[in-house]
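Have a look at the structure below, then the notes.
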Amino acid sequence: MSLTIFALTGAALIGLGVYGLLARLHLLRRIIAFNLIGSGLFLFFGATGARGEILDPIPQALIITGIVVALSASALAVGLVVALAQGSGRASLPEDEDAEGRAP
Amino acid sequence: MSAALDLALCALILGVGLASMAGRGVFRAAIFFITYGLLVAIGWARLGAYDVALAEAAIGSGLTGVLLLAAHGRLRRLRAAAESLSRFNLPAAIAGGGVALSFGWAWFALPVPRAPDLTYALPQAGVGNPVTAVLLNFRAWDTLVESIVLLAALIGVWMMARDADWDAPLGLRYHARPSGVLASFGRILPPVGLIFGVYLVWAGAESTGGAFQGGTVLAAVGLVAMMAGIMRPPRVAQGAWRAALVLGPVVFLGSGLAGAALGAGFLTLPEALAKPAILTIEAALTVSIAVTLALLVLGPPDEGGQQA
Amino acid sequence: MTPLVVVLSLPLLTALSAIAVPASMRVTVALGGVVTTLIAALWLGGVVWHGGPVVLVLGGWQPPIGIVLRADGLAAALIVMSALVIAAVAAAARYEMAPTPAGPRASFGFWPLMLLLWAALNAVFVSRDLFNLYVGLELLSLAAVALVAISGTAQALASAMRYLLFALAGSLLYLAGVVLVYATHGTLDITLLGARVPSPVDALALGLMTAGLLAKTALFPFHVWLPPAHSAAPAPASALLSALVPKGSFLIVMRLWFEAMPDLAAPSALLALAAMGAIAVIWGGALALVQARLKLIVAYSTVAQLGYLFLVFPLAGGDGINQPWAAGAWTGAIFQALSHGLAKAAMFLAAGIYIAAVGSDRLGDLRGLARALPMTSFAFALAAVTLLGLPPSGGFTAKYLLMTSAFASGQWVWAIVLAGGGLLAALYLYRPVAALFTREIRVRPRAIPRAWQAIPLALAALAILLGLLSAMPFDLLQIGRPKPAEDGL
C-alpha cells in the first residue's frame, strides 16, 4: 500500500515538473522543474526497488549517483542563467519572450 | 497507521511541490523547493533508504537550494529576478498529465520484482553497507565518471566568468561583521561540522553515510568559514586548490589502473584489500567532492558588485 | 584489454592533469595525452580487427551486478574516428586556443573540457550498461555545453542555455526509460536485455529512451538548439560538437533498437524515425541554403547529415526472413557517421582558419580567400565532396550502401531522400565554395601558418580515404555485429 502511494506520488511529481518546464519561462523556475522531474523519477524508482523481500541496494546507489549528476547539471545551469542575465539583463531565453509577446 | 502517515507525507510532498511550480516569484519557489527536498528525504527514510535520504537532504535539497538562492540574489542585483505571472498552459498540462498517467500505469503493469542476487557478492565487497558496496565496488565505474561529471560542471561554471575577472577570487565578496552572528557561527560550526563530515564518510562503509554525503557537510563548513571571513575564497590560479579538485578522481582512477597492472583487472579490488582500498578512495574523493561542491556554490571569479 | 583501458583512462588522466598543472605546462601535457591516446585507439582498432571484440568485465563483477564494456567493430571504428578528429582539433587549438588570441579563461578551459568530452565519448562507445551510458551522456553534454559557453558572448551564452535545456530534457527522458527497464527486468545490461522476457512496459521504456536520445542527437524536430550552439562555439569546439557529440547518442539508439530490444521494432515506429530523418535532410538543407555565415551553413548541414542516419531503421527493417540488404543499410549508416565526422570537423577547422585570417565568416568577407589560403580552401572543397556523397569519398560508400538497400527492398522513397539531400547539399555548399574560389578579394587576410592550414586538409583527405579504402573499415564494422543488423529488424 505505502509503496503504491510513493510510486504514484513520484509519477505525479514527474508530471508536475513537465508542466513547469513547459509552462514557466524564468530559467530558475525551469531548473527547479528539472529537479522536480528528477526527484519524482527517483521516488518512483525507489518504490520499485522496495517491492522485493529485501531492499534492493542497486536502485539506491543509482539514485545517489543521479542526485549528484542532477546537482552538477543544476550548478552549470544556474551559472549560465547568471551569466546570461549579466549580458542581457534577462533570465529567460529571447525566443520564449517573443513567443509570449512581451518581456517579463 | 503507517499507510496513513505515508499518505499524509505524500500529500504534503505534492502540495509543496505544486507550490514550487505555481505562483509568482522565484525566491518563493526556491524556498518551497528546499522544503520539498526535506520532505522527500523523510520519504526516503520511510522507505528505509537512509543513504538516499541523507543524499537528498544534503545535496538535492540543501546544496541545490543554496545554489538557487545565491543565483536569485545575483539576479536581483541584475534586475532579472522578476517573473511574469503565468497563465494556465493547456498543452503543458496535457503533456504533464500524460507523463504522470503513463508512469502510474507502468507501476501497475510492472512484473514481479527481479532484483539481482547479491548474497554471494556482498561478503566479498569489503564493506558492510550494500549501497557503498554497489557505489565503490560493483559499479565503481559509474561513481568514478560521476565524480568527474561534478568536476566538468565546475570547469563549465568557471567558463562563465568575465575575462576581466579571471584573476579575481571565486564568487562575490561577503563581508561579515567581526562581532556579528555569522562570524561567531563561523567560529563554532567548522570544528563540529568537520567531525560530523568525517564521521559520515567513515560510517558509510558499514552503515549510513558516504563520500558524497560527508563531502557535502565539509563543503558547507568551508562555505560558512569563507562567509564568516575566517577563510579566504580561492583563486583559479592557486595550484593547491586545483590539486585538491582532482585528488579524488586521480586516486580512484589510479587504484583502478593498479588493479589492471597487478593482473586483477581494471577497477578490481581483491577481497583482502577491498576495505582499505575503498576507505582510501572514499577519503580522497571526500576531499575533492567537498572542494568541488564549495567552489560550485561560490561561482565563477567575480570582481563585480559588493554584498553585505 | 590493455588498449581499451588506456583509451578510457588516459583522456581522463590527461584532463585531470591539465586542470592541476600550471598554465605553462598545460598545452604540453594535453598534447602528450592526445598523441598517446590516438596511438592506443589505433592499437585497439588493430586488436579488434585481428582478435574480435574486446570485453572488459569491470571489477570482475558480471552483470546484472556489475558493468561490462565491450569494444566491437562499431565501437572501435568510432573510437578511431574520434581520436583522429580530436588529434586534428588539438593541433588546431594550439593556434586558436592559445592564451593570446583566446584569453586566459578560454585557454584554461578548452583543454580539460575537450579531454573530458573525449573520455565521455569513448566511455559511451563501449558501455553495455544503460545507466552507465546515462552518466557518460551527462559528462558528454555538460562538457559540450561548457565548450559553447567558452566564447563568452551574450549570443553564445543564450545558445549554450538552450542547448542545456534540450540536453537535460533528453537526459531525463532517457533516464525515465532506464528506470522502467531496471524495474521490469532487474538488469541494465544490453546483452542480457536482448534475451529478456518481454513486458508491456518495454514499449514505454524504449519510447522514452529513444525520444531523449533524439533530442540529444538533434533529430528534427529537436534540432533547433544545434545550429546556434554549434556556430557560437570557437571553431575547434564546433568541430568536436558537430562531428562527434551527436554520434554518442546516436550509437545508443542503434544499440537499443538493434541489440537490446529488436523485437519491439514495429514497422510504424521504424517509419516514424526515418520520416523525421528525411524531414531533417530536407529542412536542414533548405535552411543551410539561406544562411549568410559559413559556420551557420556548416551547422545546418549537420542537421541534414544527421537525418540520413535514421534512414537505417526501415532500410534494415521489414518482416522478411531473407533480407540481404539489411547488413548493407546498417553498415551504410555507420559509414555515414564516420565520414560525416571527418568531413564536418575539416569544415569547421577551415572556418576557424578563415575567421582567424579575416575576422569574419560572412560569405561576402570570404570572397577570393582560396588564393591566399589554397590548402584550407581545397580542404573545404574536398570535405564538400564527402558531404555530397560523391565518389570516391566515404560519404559515397555510405550513400551507395543505403541506396542499394532502398532499391533492393523496394523502398524507393528513401532513395529519393538520399538523392534529393545530395542535390540540396550541392546547392548549399556551392555558395561558400564559389565565394572562396572567386577571383576578387574582399578582405586582405592575415598570414596563417602553413602547418595550421594543413590540418583540415588532412581530415578531408581521411574522409576521402575512407571511401577509397572502404574494404578495411567495412570488414571492421562486421566484427561483433548484432544479429538484427544482418537479418533486419
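Residues in the C-alpha cells are named by chain (A, B, ... in the order shown) and by number from 1 within that chain; ligands are numbered from 1 in the order shown.
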Write out, as CSV, each residue of region 2-90 of chain A that has an atom at most 10 Å from region 63-67 of chain B, together with the closest pair of atoms and their distance in Å to one decimal, counting only C-alpha atoms, rows going by chain and rising number.
residue,atom,partner,partner_atom,distance
A:Ile31,CA,B:Thr64,CA,9.8
A:Ile32,CA,B:Thr64,CA,9.0
A:Asn35,CA,B:Thr64,CA,8.9
A:Ala70,CA,B:Thr64,CA,9.1
A:Leu71,CA,B:Thr64,CA,6.3
A:Ser72,CA,B:Thr64,CA,9.3
A:Ser74,CA,B:Thr64,CA,7.2
A:Ala75,CA,B:Leu67,CA,6.9
A:Val78,CA,B:Leu67,CA,7.2
A:Gly79,CA,B:Leu67,CA,9.1
Could you give me, as JSON lines, every chain B residue with an atom at most 7 Å from chain A, plus its closest atom pair and distance in Å to one decimal, counting only C-alpha atoms, rows ordered by chain then number?
{"residue": "B:Ala3", "atom": "CA", "partner": "A:Ser2", "partner_atom": "CA", "distance": 5.3}
{"residue": "B:Asp6", "atom": "CA", "partner": "A:Ser2", "partner_atom": "CA", "distance": 6.2}
{"residue": "B:Leu7", "atom": "CA", "partner": "A:Ile5", "partner_atom": "CA", "distance": 6.5}
{"residue": "B:Cys10", "atom": "CA", "partner": "A:Thr9", "partner_atom": "CA", "distance": 6.3}
{"residue": "B:Leu14", "atom": "CA", "partner": "A:Leu13", "partner_atom": "CA", "distance": 6.8}
{"residue": "B:Met21", "atom": "CA", "partner": "A:Gly20", "partner_atom": "CA", "distance": 5.8}
{"residue": "B:Val26", "atom": "CA", "partner": "A:Arg29", "partner_atom": "CA", "distance": 6.3}
{"residue": "B:Ala49", "atom": "CA", "partner": "A:Gln60", "partner_atom": "CA", "distance": 6.9}
{"residue": "B:Val52", "atom": "CA", "partner": "A:Ile64", "partner_atom": "CA", "distance": 5.9}
{"residue": "B:Ala55", "atom": "CA", "partner": "A:Ile64", "partner_atom": "CA", "distance": 6.4}
{"residue": "B:Gly60", "atom": "CA", "partner": "A:Ile67", "partner_atom": "CA", "distance": 6.2}
{"residue": "B:Thr64", "atom": "CA", "partner": "A:Leu71", "partner_atom": "CA", "distance": 6.3}
{"residue": "B:Leu67", "atom": "CA", "partner": "A:Ala75", "partner_atom": "CA", "distance": 6.9}
{"residue": "B:Ala71", "atom": "CA", "partner": "A:Val78", "partner_atom": "CA", "distance": 6.5}
{"residue": "B:Arg74", "atom": "CA", "partner": "A:Val82", "partner_atom": "CA", "distance": 6.9}
{"residue": "B:Leu75", "atom": "CA", "partner": "A:Val82", "partner_atom": "CA", "distance": 6.4}
{"residue": "B:Leu78", "atom": "CA", "partner": "A:Gly89", "partner_atom": "CA", "distance": 6.2}
{"residue": "B:Arg79", "atom": "CA", "partner": "A:Gly89", "partner_atom": "CA", "distance": 6.7}
{"residue": "B:Ala80", "atom": "CA", "partner": "A:Arg90", "partner_atom": "CA", "distance": 5.0}
{"residue": "B:Glu83", "atom": "CA", "partner": "A:Pro104", "partner_atom": "CA", "distance": 6.0}
{"residue": "B:Ser84", "atom": "CA", "partner": "A:Pro104", "partner_atom": "CA", "distance": 5.1}
{"residue": "B:Ser86", "atom": "CA", "partner": "A:Arg24", "partner_atom": "CA", "distance": 6.8}
{"residue": "B:Asn89", "atom": "CA", "partner": "A:Ala23", "partner_atom": "CA", "distance": 5.9}
{"residue": "B:Ala92", "atom": "CA", "partner": "A:Tyr19", "partner_atom": "CA", "distance": 4.9}
{"residue": "B:Ala93", "atom": "CA", "partner": "A:Tyr19", "partner_atom": "CA", "distance": 5.5}
{"residue": "B:Ala95", "atom": "CA", "partner": "A:Tyr19", "partner_atom": "CA", "distance": 6.9}
{"residue": "B:Gly96", "atom": "CA", "partner": "A:Gly15", "partner_atom": "CA", "distance": 3.9}
{"residue": "B:Gly97", "atom": "CA", "partner": "A:Gly15", "partner_atom": "CA", "distance": 5.5}
{"residue": "B:Val99", "atom": "CA", "partner": "A:Gly15", "partner_atom": "CA", "distance": 5.5}
{"residue": "B:Ala100", "atom": "CA", "partner": "A:Gly15", "partner_atom": "CA", "distance": 4.6}
{"residue": "B:Phe103", "atom": "CA", "partner": "A:Ala11", "partner_atom": "CA", "distance": 5.3}
{"residue": "B:Gly104", "atom": "CA", "partner": "A:Leu8", "partner_atom": "CA", "distance": 5.8}
{"residue": "B:Pro113", "atom": "CA", "partner": "A:Gly52", "partner_atom": "CA", "distance": 6.0}
{"residue": "B:Ala115", "atom": "CA", "partner": "A:Asp56", "partner_atom": "CA", "distance": 6.5}
{"residue": "B:Pro130", "atom": "CA", "partner": "A:Pro57", "partner_atom": "CA", "distance": 5.9}
{"residue": "B:Val131", "atom": "CA", "partner": "A:Pro57", "partner_atom": "CA", "distance": 5.1}
{"residue": "B:Val134", "atom": "CA", "partner": "A:Ala61", "partner_atom": "CA", "distance": 6.3}
{"residue": "B:Leu135", "atom": "CA", "partner": "A:Ala61", "partner_atom": "CA", "distance": 5.8}
{"residue": "B:Thr143", "atom": "CA", "partner": "A:Thr65", "partner_atom": "CA", "distance": 6.8}
{"residue": "B:Glu146", "atom": "CA", "partner": "A:Val69", "partner_atom": "CA", "distance": 6.5}
{"residue": "B:Val149", "atom": "CA", "partner": "A:Val69", "partner_atom": "CA", "distance": 6.7}
{"residue": "B:Leu150", "atom": "CA", "partner": "A:Ser72", "partner_atom": "CA", "distance": 5.2}
{"residue": "B:Ala153", "atom": "CA", "partner": "A:Ser72", "partner_atom": "CA", "distance": 5.5}
{"residue": "B:Gly156", "atom": "CA", "partner": "A:Leu76", "partner_atom": "CA", "distance": 6.4}
{"residue": "B:Val157", "atom": "CA", "partner": "A:Leu76", "partner_atom": "CA", "distance": 5.5}
{"residue": "B:Met160", "atom": "CA", "partner": "A:Ala83", "partner_atom": "CA", "distance": 5.9}
{"residue": "B:Leu296", "atom": "CA", "partner": "A:Ala75", "partner_atom": "CA", "distance": 6.5}
{"residue": "B:Gly299", "atom": "CA", "partner": "A:Gly79", "partner_atom": "CA", "distance": 7.0}
Give me, as a PyMOL selection string, the contact residues of chain B against chain C at a cut-off of 7 Å, counting only C-alpha atoms.
-> chain B and resi 106+109-111+113-116+137-139+142+145-146+149+152-153+155-156+159-160+163+166+239+242-243+246+265-269
Go ahead and save the picked residues with N, CA and C atoms, as a JSON list (two decimals), in the first residue's frame.
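Contents of selection18.json, as written:
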[["chain", "number", "residue", "atom", "x", "y", "z"],
["B", 106, "ALA", "N", 2.45, 2.32, -15.60],
["B", 106, "ALA", "CA", 3.62, 1.44, -15.58],
["B", 106, "ALA", "C", 3.75, 0.76, -14.21],
["B", 109, "ALA", "N", 1.62, -2.11, -14.15],
["B", 109, "ALA", "CA", 1.93, -3.09, -15.18],
["B", 109, "ALA", "C", 3.25, -3.81, -14.94],
["B", 110, "LEU", "N", 4.02, -3.38, -13.91],
["B", 110, "LEU", "CA", 5.34, -3.99, -13.68],
["B", 110, "LEU", "C", 5.18, -5.45, -13.28],
["B", 111, "PRO", "N", 6.04, -6.32, -13.82],
["B", 111, "PRO", "CA", 6.01, -7.73, -13.39],
["B", 111, "PRO", "C", 6.61, -7.87, -11.99],
["B", 113, "PRO", "N", 9.11, -8.31, -8.99],
["B", 113, "PRO", "CA", 10.48, -7.78, -8.98],
["B", 113, "PRO", "C", 11.52, -8.86, -9.24],
["B", 114, "ARG", "N", 12.55, -8.47, -9.96],
["B", 114, "ARG", "CA", 13.63, -9.40, -10.32],
["B", 114, "ARG", "C", 14.96, -8.74, -9.96],
["B", 115, "ALA", "N", 15.23, -8.55, -8.69],
["B", 115, "ALA", "CA", 16.48, -7.89, -8.30],
["B", 115, "ALA", "C", 17.63, -8.88, -8.41],
["B", 116, "PRO", "N", 18.82, -8.41, -8.80],
["B", 116, "PRO", "CA", 19.97, -9.33, -8.87],
["B", 116, "PRO", "C", 20.28, -9.90, -7.49],
["B", 137, "ASN", "N", 32.33, -0.54, -5.42],
["B", 137, "ASN", "CA", 32.92, -1.78, -5.89],
["B", 137, "ASN", "C", 32.20, -2.30, -7.13],
["B", 138, "PHE", "N", 30.94, -2.73, -6.98],
["B", 138, "PHE", "CA", 30.24, -3.35, -8.12],
["B", 138, "PHE", "C", 30.11, -2.38, -9.29],
["B", 139, "ARG", "N", 29.74, -1.14, -9.00],
["B", 139, "ARG", "CA", 29.54, -0.15, -10.07],
["B", 139, "ARG", "C", 30.49, 1.03, -9.87],
["B", 142, "ASP", "N", 30.71, 3.80, -12.65],
["B", 142, "ASP", "CA", 29.68, 4.85, -12.57],
["B", 142, "ASP", "C", 30.14, 5.97, -11.64],
["B", 145, "VAL", "N", 33.05, 8.06, -12.99],
["B", 145, "VAL", "CA", 32.63, 9.01, -14.03],
["B", 145, "VAL", "C", 31.78, 10.12, -13.40],
["B", 146, "GLU", "N", 30.96, 9.76, -12.41],
["B", 146, "GLU", "CA", 30.11, 10.75, -11.75],
["B", 146, "GLU", "C", 30.94, 11.81, -11.04],
["B", 149, "VAL", "N", 31.90, 14.12, -13.62],
["B", 149, "VAL", "CA", 30.81, 15.00, -14.06],
["B", 149, "VAL", "C", 30.77, 16.25, -13.18],
["B", 152, "ALA", "N", 33.53, 18.50, -14.22],
["B", 152, "ALA", "CA", 33.25, 19.13, -15.51],
["B", 152, "ALA", "C", 32.29, 20.31, -15.31],
["B", 153, "ALA", "N", 31.31, 20.13, -14.41],
["B", 153, "ALA", "CA", 30.37, 21.23, -14.15],
["B", 153, "ALA", "C", 31.12, 22.43, -13.59],
["B", 155, "ILE", "N", 34.34, 23.28, -14.05],
["B", 155, "ILE", "CA", 35.10, 23.94, -15.12],
["B", 155, "ILE", "C", 34.14, 24.74, -15.99],
["B", 156, "GLY", "N", 32.96, 24.17, -16.26],
["B", 156, "GLY", "CA", 31.95, 24.88, -17.05],
["B", 156, "GLY", "C", 31.52, 26.16, -16.36],
["B", 159, "MET", "N", 33.88, 28.90, -16.76],
["B", 159, "MET", "CA", 33.89, 29.50, -18.10],
["B", 159, "MET", "C", 32.88, 30.64, -18.22],
["B", 160, "MET", "N", 31.99, 30.78, -17.20],
["B", 160, "MET", "CA", 31.01, 31.87, -17.23],
["B", 160, "MET", "C", 31.61, 33.18, -16.72],
["B", 163, "ASP", "N", 36.11, 37.82, -18.77],
["B", 163, "ASP", "CA", 37.56, 37.70, -18.95],
["B", 163, "ASP", "C", 38.31, 38.62, -17.99],
["B", 166, "TRP", "N", 38.97, 37.13, -14.45],
["B", 166, "TRP", "CA", 39.53, 35.78, -14.36],
["B", 166, "TRP", "C", 40.49, 35.61, -13.19],
["B", 239, "GLY", "N", 47.32, 26.73, -7.32],
["B", 239, "GLY", "CA", 47.52, 25.34, -7.71],
["B", 239, "GLY", "C", 47.07, 24.33, -6.66],
["B", 242, "ARG", "N", 43.43, 23.57, -7.02],
["B", 242, "ARG", "CA", 43.15, 22.76, -8.21],
["B", 242, "ARG", "C", 43.59, 21.32, -7.99],
["B", 243, "ALA", "N", 44.71, 21.14, -7.27],
["B", 243, "ALA", "CA", 45.16, 19.78, -6.96],
["B", 243, "ALA", "C", 44.13, 19.07, -6.09],
["B", 246, "VAL", "N", 41.26, 17.54, -8.11],
["B", 246, "VAL", "CA", 41.47, 16.33, -8.91],
["B", 246, "VAL", "C", 41.94, 15.15, -8.06],
["B", 265, "GLY", "N", 42.67, -6.84, -12.82],
["B", 265, "GLY", "CA", 41.69, -6.28, -13.75],
["B", 265, "GLY", "C", 41.37, -4.85, -13.38],
["B", 266, "PHE", "N", 40.94, -4.07, -14.39],
["B", 266, "PHE", "CA", 40.65, -2.66, -14.21],
["B", 266, "PHE", "C", 39.52, -2.51, -13.20],
["B", 267, "LEU", "N", 39.76, -1.67, -12.17],
["B", 267, "LEU", "CA", 38.79, -1.38, -11.12],
["B", 267, "LEU", "C", 38.43, -2.60, -10.28],
["B", 268, "THR", "N", 39.28, -3.64, -10.32],
["B", 268, "THR", "CA", 39.02, -4.81, -9.50],
["B", 268, "THR", "C", 39.73, -4.67, -8.16],
["B", 269, "LEU", "N", 38.99, -4.91, -7.07],
["B", 269, "LEU", "CA", 39.57, -4.85, -5.74],
["B", 269, "LEU", "C", 39.63, -6.27, -5.19]]
Please provide the set of residues having any atom within 9 Å of region 195-210 of chain B, restricted to only C-alpha atoms, with same-chain residues fewer than 5 positions apart removed, written as a ChimeraX atom specification.
-> /B:50-51,54-55,126-133,190,215-218,221,275,278-279,282-283,286
Write to file, as a PDB file, in the first residue's frame, the residues of the selection just made, with C-alpha atoms.
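Here's the written file part.pdb:
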ATOM      1  CA  TYR B  50      18.738   6.058   4.679  1.00  0.00           C
ATOM      2  CA  ASP B  51      21.721   6.715   2.412  1.00  0.00           C
ATOM      3  CA  LEU B  54      20.909  11.738   3.566  1.00  0.00           C
ATOM      4  CA  ALA B  55      21.952  12.460  -0.032  1.00  0.00           C
ATOM      5  CA  GLY B 126      34.885  -5.345   1.590  1.00  0.00           C
ATOM      6  CA  VAL B 127      32.219  -3.129   3.150  1.00  0.00           C
ATOM      7  CA  GLY B 128      29.092  -3.969   5.106  1.00  0.00           C
ATOM      8  CA  ASN B 129      26.835  -1.238   3.687  1.00  0.00           C
ATOM      9  CA  PRO B 130      25.394  -2.717   0.483  1.00  0.00           C
ATOM     10  CA  VAL B 131      24.836   0.727  -1.073  1.00  0.00           C
ATOM     11  CA  THR B 132      28.511   1.595  -0.546  1.00  0.00           C
ATOM     12  CA  ALA B 133      29.442  -1.803  -1.988  1.00  0.00           C
ATOM     13  CA  PRO B 190      33.532  24.406  11.442  1.00  0.00           C
ATOM     14  CA  GLY B 215      31.736  15.845   1.338  1.00  0.00           C
ATOM     15  CA  THR B 216      28.606  17.984   1.293  1.00  0.00           C
ATOM     16  CA  VAL B 217      28.840  18.633   5.034  1.00  0.00           C
ATOM     17  CA  LEU B 218      32.512  19.562   4.687  1.00  0.00           C
ATOM     18  CA  VAL B 221      31.691  24.042   6.666  1.00  0.00           C
ATOM     19  CA  LYS B 275      38.159  -2.461   2.580  1.00  0.00           C
ATOM     20  CA  ILE B 278      37.619   1.640  -0.564  1.00  0.00           C
ATOM     21  CA  LEU B 279      38.351   3.717   2.535  1.00  0.00           C
ATOM     22  CA  GLU B 282      36.498   7.491  -0.229  1.00  0.00           C
ATOM     23  CA  ALA B 283      38.815   9.694   1.822  1.00  0.00           C
ATOM     24  CA  THR B 286      35.603  13.312   0.016  1.00  0.00           C
TER      25      THR B 286
END
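Using only C-alpha atoms, the smallest distance between any of C:Gly395, C:Pro484, C:Gly170, C:Gly285 and chain A comes from C:Gly170.
Minimum atom-to-atom distances from C:Met261, C:Leu168, C:Ala460, C:Ala76 to chain A were compared using only C-alpha atoms, and the lowest value belongs to C:Leu168.
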Surrounding residues of Leu289 (chain C) excluding itself and chain neighbours under 5 positions, 12 Å, only C-alpha atoms, as an MDAnalysis selection string = chainID C and resid 282:284 294 296:301 304 423:432
Quick one: DSSP alpha helix (DSSP H) residues in region 18-82 of chain A, as an MDAnalysis selection string?
-> chainID A and resid 18:23 27:49 57:82
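Residues in contact range of Leu436 (chain C), defined as at most 9 Å between only C-alpha atoms, with sequence neighbours fewer than 3 positions away removed, read Leu363, Leu366, Arg367, Gly368, Leu369, Ala370, Arg371, Ser377, Arg431, Pro432, Val433 and Arg439 of chain C.
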Residues as selected, N, CA and C atoms, written as a short mmCIF file (atom, residue, chain, number, x, y, z; two decimals), in the first residue's frame, can you do that?
data_model
loop_
_atom_site.label_atom_id
_atom_site.label_comp_id
_atom_site.auth_asym_id
_atom_site.auth_seq_id
_atom_site.Cartn_x
_atom_site.Cartn_y
_atom_site.Cartn_z
N LEU C 363 29.90 35.19 -45.80
CA LEU C 363 30.33 34.73 -47.12
C LEU C 363 30.94 35.88 -47.92
N LEU C 366 34.55 36.30 -47.25
CA LEU C 366 35.43 35.18 -47.58
C LEU C 366 35.80 35.16 -49.06
N ARG C 367 35.28 36.11 -49.82
CA ARG C 367 35.47 36.07 -51.28
C ARG C 367 36.95 36.09 -51.65
N GLY C 368 37.34 35.15 -52.49
CA GLY C 368 38.70 35.13 -53.01
C GLY C 368 39.75 34.59 -52.06
N LEU C 369 39.33 34.07 -50.92
CA LEU C 369 40.32 33.61 -49.94
C LEU C 369 41.11 32.39 -50.42
N ALA C 370 40.61 31.67 -51.42
CA ALA C 370 41.31 30.47 -51.89
C ALA C 370 42.71 30.81 -52.37
N ARG C 371 42.91 32.06 -52.88
CA ARG C 371 44.24 32.39 -53.38
C ARG C 371 45.23 32.53 -52.23
N SER C 377 41.24 26.02 -48.47
CA SER C 377 40.08 26.07 -49.35
C SER C 377 39.91 24.76 -50.11
N ARG C 431 27.60 27.73 -52.59
CA ARG C 431 27.75 29.17 -52.27
C ARG C 431 29.08 29.47 -51.58
N PRO C 432 29.44 28.78 -50.49
CA PRO C 432 30.75 29.10 -49.90
C PRO C 432 31.91 28.74 -50.82
N VAL C 433 31.81 27.60 -51.54
CA VAL C 433 32.94 27.21 -52.39
C VAL C 433 33.12 28.25 -53.50
N ARG C 439 37.68 35.35 -58.07
CA ARG C 439 38.98 36.00 -58.32
C ARG C 439 39.16 37.26 -57.49
#
What's the 8 Å shell around Leu78 (chain C), counting only C-alpha atoms, without same-chain residues fewer than 3 positions away, as a PDB file with N, CA and C atoms, in the first residue's frame?
ATOM      1  N   LEU C  74      32.067  -1.778 -34.398  1.00  0.00           N
ATOM      2  CA  LEU C  74      31.389  -0.490 -34.443  1.00  0.00           C
ATOM      3  C   LEU C  74      32.011   0.496 -33.461  1.00  0.00           C
ATOM      4  N   ALA C  75      32.187   0.053 -32.203  1.00  0.00           N
ATOM      5  CA  ALA C  75      32.774   0.935 -31.195  1.00  0.00           C
ATOM      6  C   ALA C  75      34.209   1.288 -31.573  1.00  0.00           C
ATOM      7  N   MET C  81      37.875   6.999 -35.292  1.00  0.00           N
ATOM      8  CA  MET C  81      37.481   8.232 -35.973  1.00  0.00           C
ATOM      9  C   MET C  81      37.554   9.408 -35.005  1.00  0.00           C
ATOM     10  N   SER C  82      37.039   9.235 -33.783  1.00  0.00           N
ATOM     11  CA  SER C  82      37.070  10.324 -32.804  1.00  0.00           C
ATOM     12  C   SER C  82      38.499  10.714 -32.474  1.00  0.00           C
ATOM     13  N   PHE C 125      30.880   4.840 -26.181  1.00  0.00           N
ATOM     14  CA  PHE C 125      31.003   3.923 -27.323  1.00  0.00           C
ATOM     15  C   PHE C 125      31.106   2.467 -26.881  1.00  0.00           C
ATOM     16  N   LEU C 338      30.778   7.967 -39.718  1.00  0.00           N
ATOM     17  CA  LEU C 338      32.234   8.119 -39.737  1.00  0.00           C
ATOM     18  C   LEU C 338      32.663   9.210 -40.707  1.00  0.00           C
TER      19      LEU C 338
END
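Our summary of the geometry notes that CA of Ala233 (chain C) is positioned 26.7 Å from CA of Gly394 (chain C).
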